[in-house]
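Structure first, then comments.
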Amino acid sequence: MEKLKGKYMVELLGESRRTHYSGEINENEIGRTVAVCGWCQRQRDLGGLIFIDLRDRAGVVQLAFDSQTKADVFGKAELVRGEYVLFAEGVVRERSSKNPNIPTGNVEIAVTNLKILAKSETPPFEITDDTSTSEDIRLKYRYLDLRRPVLTKNLKLRYEITKIIRDYFDKNGFIEIETPMLIKSTPEGARDYLVPSRIHKGSFYALPQSPQLYKQLSMVAGLDRYFQLARCFRDEDLRADRQPEFTQIDYEMSFADMEDVMKIAEGLMARLFREILGEELSLPLPRYTYEQVTDRFGSDKPDLRYGLEIVDITNSLKNTSFPPFSKALSCGGGIKCINAKGGEKLTRKSLDALSEYAKGCGAAGAFYLKMSGGEVSGPLAKHLTSDEISSVSRAANLEDGDALIILAEENKALLGNVLGLLRTKLASSLGIKKEGHSLFWVVEMPFFELDPESGEWAAMHHPFTSPLESTACYLKTDKSKVKAKAYDLVYNGIELSSGSVRITDPVLQEEIFSLLGLSEEESRQKFGYLTLAFKYGVPPHGGMGLGLDRLVMQLAGAKSLRDVTAFPKVQNASELMTDCPSEVPGTLLGDLGITLKGD
RNA sequence: GGUUCGGUAGUUCAGUUGGUUAGAACGCCAGCCUGUCACGCUGGAGGUCGUGGGUUCGAGCCCCAUCCGAAUCGCCA
């Protein structure tokens, strides 16, 4: 025991091996000798009696030391502090006073042999589920954070989910294929992470944003049904639901159309719901068109667990003299509102905050009307005629106790977007409980979208997406009318996945490239290998990619991807534990032929 | 790049109008304690108030700049 008093003096594992995980010890083991390994959650020294809560990834069990314990074992138990690593052997016995709060609370281990395998400094924060320690500190010591049962549980759940996914695709005839991490950069869309080449100085690989082209080429290769849990990378700003590297459940199938691809995704979701949540998902999932969801909810990925639909009240106010409204209308804009049912309780302060938020989103601001006792009030009320007020009230179904949030904008797209954002904000201001699941498809997405800055048409999905046949006739006449043969799966207000049927007609593909402003030369340089491949017999195919991290986050009931990712990055895309990215020695840069500005 | 919030002990926070030696809880250390499980009791240690500058007789507090973290808008084919 003397040897344990020095700072780093510890014992060797030797032949000692565990027989059980801590969380597995229960009444069935009473009377048996067991051995466990883990970390000291807490040591309670009562004098002649010591208890240690031993934690491993499966749970916690109580170790007991008393007058029956051998003196040297008892002496070691006295030295144990938080997060010491222990091996303990002993006999399981019933506790004289039980603890109903933990699964192993009826039993304890009367320890006969104890080894201190490692000591620990006092950890920078207490390792419990209900820690209030800020996330940056926890992320710096992520290995300690991950000892918290809630995170361990999330990572185990993630593994369970990936096991089911692999089995599901296997059963449906898909084979998992690894596509390269070092690929050709395609500067469209999200920014690529670039990897310099030492052998080809001045040339760069990119990390994949998605295995898109490789999976399509796998279809040309005749592999027929491909899937992969694919690591993807995007050099864009982070969010709670966006990490720069993430995992996509990626699949592609040949001789299949939209319905086939969607059916596979629905089957997967149904199985995950059944096996993870124990709930039956009713199939097929509801479908809404892009136009429907954006009109009604101001978003292409609305959360439908609550209402707060957008109502167009342009007609009711078409002759208004209230300047902010009449000005918007005279410039071809519109006026829309959301009826916040029961919103009367919103204080002026929180309504002003909503207006500020709307301004932050690019709107001119938000106005509001309240109704209580049959009276319509609010600063806006005196600027409208009683006819206008009653017309608006009727259109928006304004009733006692409600508040109407009203926006007027020249730019109709902005108007919808901001109302969509306000809708989400309102749901939390009103304390709306989001119960159940909101899982549905969005279809008939526009094929092109107008880039407001450049004024050019860009592909909303990606340039390999097939146009919906019935709208292909507008390709040359009116781009805004062309719809994509694409489908997004939306789950509780997040875009879970998106997919499409791909273009397999080389002539059409060339046409799309040219409509997107790519010259023949450019498209050959960027995607020539794809069009070349398509000359040698390409099967009709389509597929999709589902965000694994987002899916796990939802199924785990977590609020952030960081809670379901073992070693996540923070908002500025750095990792606090290893402090990457970091500078590298000049000699390394030299090998790559790279000179930094300012060198 | 914009907006908002935050940064004071290991952790979570309080800190009055700018005024003596910057406090609390938990944690930590020591002693006591045989049924605890957020053990208890007694005592103790622990601070570059994110950083730099400014205003002032005097700054944790006011001003400017900057760094860091978070939410969010832009961005994310």
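In the structure tokens, the first chain shown is A, the next is B, and so on; residue numbers restart at 1 for each chain, and ligands run from 1 in the order shown.
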Contacts of Arg166 of chain A at 9 Å (only C-alpha atoms (C1' of nucleotides); same-chain gap of 2+ positions) as a PyMOL selection string: chain A and resi 161-164+168-171+176+227-229
Under the rule of at most 7 Å, produce a per-residue listing of chain B near chain A: chain, number, name, the closest pair of atoms, and the distance in Å, as CSV, using only C-alpha atoms (C1' of nucleotides).
residue,atom,partner,partner_atom,distance
B:U3,C1',A:Gly360,CA,6.0
B:G10,C1',A:Pro124,CA,5.5
B:U11,C1',A:Phe125,CA,5.7
B:U12,C1',A:Ser132,CA,6.5
B:C33,C1',A:Gly47,CA,5.0
B:U34,C1',A:Gly48,CA,5.1
B:G35,C1',A:Ser97,CA,6.8
B:U36,C1',A:Arg44,CA,6.8
B:C37,C1',A:Asn99,CA,6.9
B:C39,C1',A:Arg44,CA,6.7
B:G69,C1',A:Asp136,CA,6.3
B:C73,C1',A:Cys361,CA,5.4
B:C75,C1',A:Glu236,CA,6.9
B:C76,C1',A:Ala190,CA,6.0
B:A77,C1',A:Gly189,CA,3.7
Writing out the chosen residues with N, CA and C atoms (P, O5', C5', C4', C3', O3' and C1' of nucleotides) as a tab-separated table (two decimals), in the first residue's frame:
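Now in out.tsv:
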chain	number	residue	atom	x	y	z
B	3	U	P	-23.28	43.88	-36.29
B	3	U	O5'	-24.59	43.15	-35.76
B	3	U	C5'	-25.88	43.65	-36.07
B	3	U	C4'	-26.93	42.74	-35.50
B	3	U	C3'	-26.79	42.43	-34.01
B	3	U	O3'	-27.29	43.47	-33.19
B	3	U	C1'	-27.20	40.43	-35.19
B	10	G	P	-9.30	28.48	-10.53
B	10	G	O5'	-9.91	27.07	-10.93
B	10	G	C5'	-9.29	26.26	-11.93
B	10	G	C4'	-10.12	25.01	-12.08
B	10	G	C3'	-11.59	25.28	-12.37
B	10	G	O3'	-11.82	25.38	-13.76
B	10	G	C1'	-11.41	23.82	-10.52
B	11	U	P	-12.93	26.36	-14.35
B	11	U	O5'	-14.28	25.69	-13.87
B	11	U	C5'	-14.75	24.49	-14.50
B	11	U	C4'	-16.09	24.13	-13.92
B	11	U	C3'	-17.14	25.22	-13.98
B	11	U	O3'	-17.80	25.25	-15.24
B	11	U	C1'	-17.08	24.33	-11.80
B	12	U	P	-18.42	26.60	-15.77
B	12	U	O5'	-19.68	26.83	-14.83
B	12	U	C5'	-20.80	25.96	-14.91
B	12	U	C4'	-21.81	26.34	-13.88
B	12	U	C3'	-22.23	27.80	-13.89
B	12	U	O3'	-23.18	28.07	-14.89
B	12	U	C1'	-21.80	27.12	-11.67
B	33	C	P	-12.70	8.37	14.32
B	33	C	O5'	-14.18	8.30	13.75
B	33	C	C5'	-15.31	8.45	14.62
B	33	C	C4'	-16.56	8.56	13.81
B	33	C	C3'	-16.87	7.39	12.88
B	33	C	O3'	-17.48	6.31	13.56
B	33	C	C1'	-17.14	9.42	11.70
B	34	U	P	-17.17	4.79	13.07
B	34	U	O5'	-18.53	4.35	12.35
B	34	U	C5'	-18.88	4.83	11.07
B	34	U	C4'	-19.80	3.85	10.39
B	34	U	C3'	-21.04	3.46	11.20
B	34	U	O3'	-22.10	3.25	10.26
B	34	U	C1'	-19.84	1.53	10.63
B	35	G	P	-23.59	3.74	10.63
B	35	G	O5'	-24.33	3.58	9.23
B	35	G	C5'	-23.91	4.37	8.11
B	35	G	C4'	-24.62	3.89	6.89
B	35	G	C3'	-26.08	3.48	7.11
B	35	G	O3'	-26.82	3.82	5.96
B	35	G	C1'	-24.90	1.72	6.12
B	36	U	P	-27.77	5.14	5.97
B	36	U	O5'	-26.97	6.09	4.98
B	36	U	C5'	-26.01	7.00	5.48
B	36	U	C4'	-24.91	7.15	4.47
B	36	U	C3'	-25.38	7.56	3.08
B	36	U	O3'	-25.60	8.95	2.99
B	36	U	C1'	-23.80	5.81	2.91
B	37	C	P	-26.82	9.50	2.15
B	37	C	O5'	-26.52	8.98	0.67
B	37	C	C5'	-25.45	9.55	-0.08
B	37	C	C4'	-25.26	8.74	-1.34
B	37	C	C3'	-26.49	8.69	-2.24
B	37	C	O3'	-26.50	9.83	-3.06
B	37	C	C1'	-25.56	6.53	-2.01
B	39	C	P	-22.26	11.82	-2.35
B	39	C	O5'	-22.88	11.54	-0.90
B	39	C	C5'	-22.44	12.31	0.20
B	39	C	C4'	-23.31	12.02	1.37
B	39	C	C3'	-23.16	13.00	2.52
B	39	C	O3'	-23.95	14.17	2.29
B	39	C	C1'	-23.08	10.80	3.37
B	69	G	P	-13.72	29.65	-30.09
B	69	G	O5'	-15.00	29.48	-29.17
B	69	G	C5'	-15.02	28.47	-28.19
B	69	G	C4'	-16.27	28.58	-27.36
B	69	G	C3'	-17.57	28.59	-28.13
B	69	G	O3'	-17.96	27.30	-28.55
B	69	G	C1'	-17.63	30.27	-26.50
B	73	C	P	-31.28	30.66	-38.78
B	73	C	O5'	-30.84	32.00	-39.51
B	73	C	C5'	-31.79	33.03	-39.73
B	73	C	C4'	-31.16	34.21	-40.41
B	73	C	C3'	-30.40	33.92	-41.70
B	73	C	O3'	-31.26	33.77	-42.81
B	73	C	C1'	-29.10	35.33	-40.34
B	75	C	P	-27.94	33.10	-48.79
B	75	C	O5'	-26.63	32.25	-48.52
B	75	C	C5'	-25.39	32.59	-49.15
B	75	C	C4'	-24.29	31.73	-48.59
B	75	C	C3'	-24.49	30.22	-48.76
B	75	C	O3'	-24.12	29.76	-50.05
B	75	C	C1'	-23.88	30.66	-46.54
B	76	C	P	-24.94	28.62	-50.73
B	76	C	O5'	-24.72	27.40	-49.71
B	76	C	C5'	-23.50	26.67	-49.69
B	76	C	C4'	-23.61	25.53	-48.71
B	76	C	C3'	-24.69	24.50	-49.02
B	76	C	O3'	-24.27	23.57	-49.99
B	76	C	C1'	-24.78	25.08	-46.75
B	77	A	P	-25.41	22.83	-50.81
B	77	A	O5'	-25.09	23.15	-52.34
B	77	A	C5'	-25.04	24.50	-52.79
B	77	A	C4'	-25.20	24.54	-54.27
B	77	A	C3'	-26.63	24.23	-54.77
B	77	A	O3'	-26.87	25.04	-55.93
B	77	A	C1'	-25.11	22.74	-55.73
Who sits within 12 Å of U66 of chain B, only C-alpha atoms (C1' of nucleotides), same chain under 5 positions skipped, as number ranges by chain: B: 50-53
Coordinates-based distance that separates atom CA of Asp145 of chain A from atom CA of Glu108 of chain A (Å, one decimal): 26.2 Å
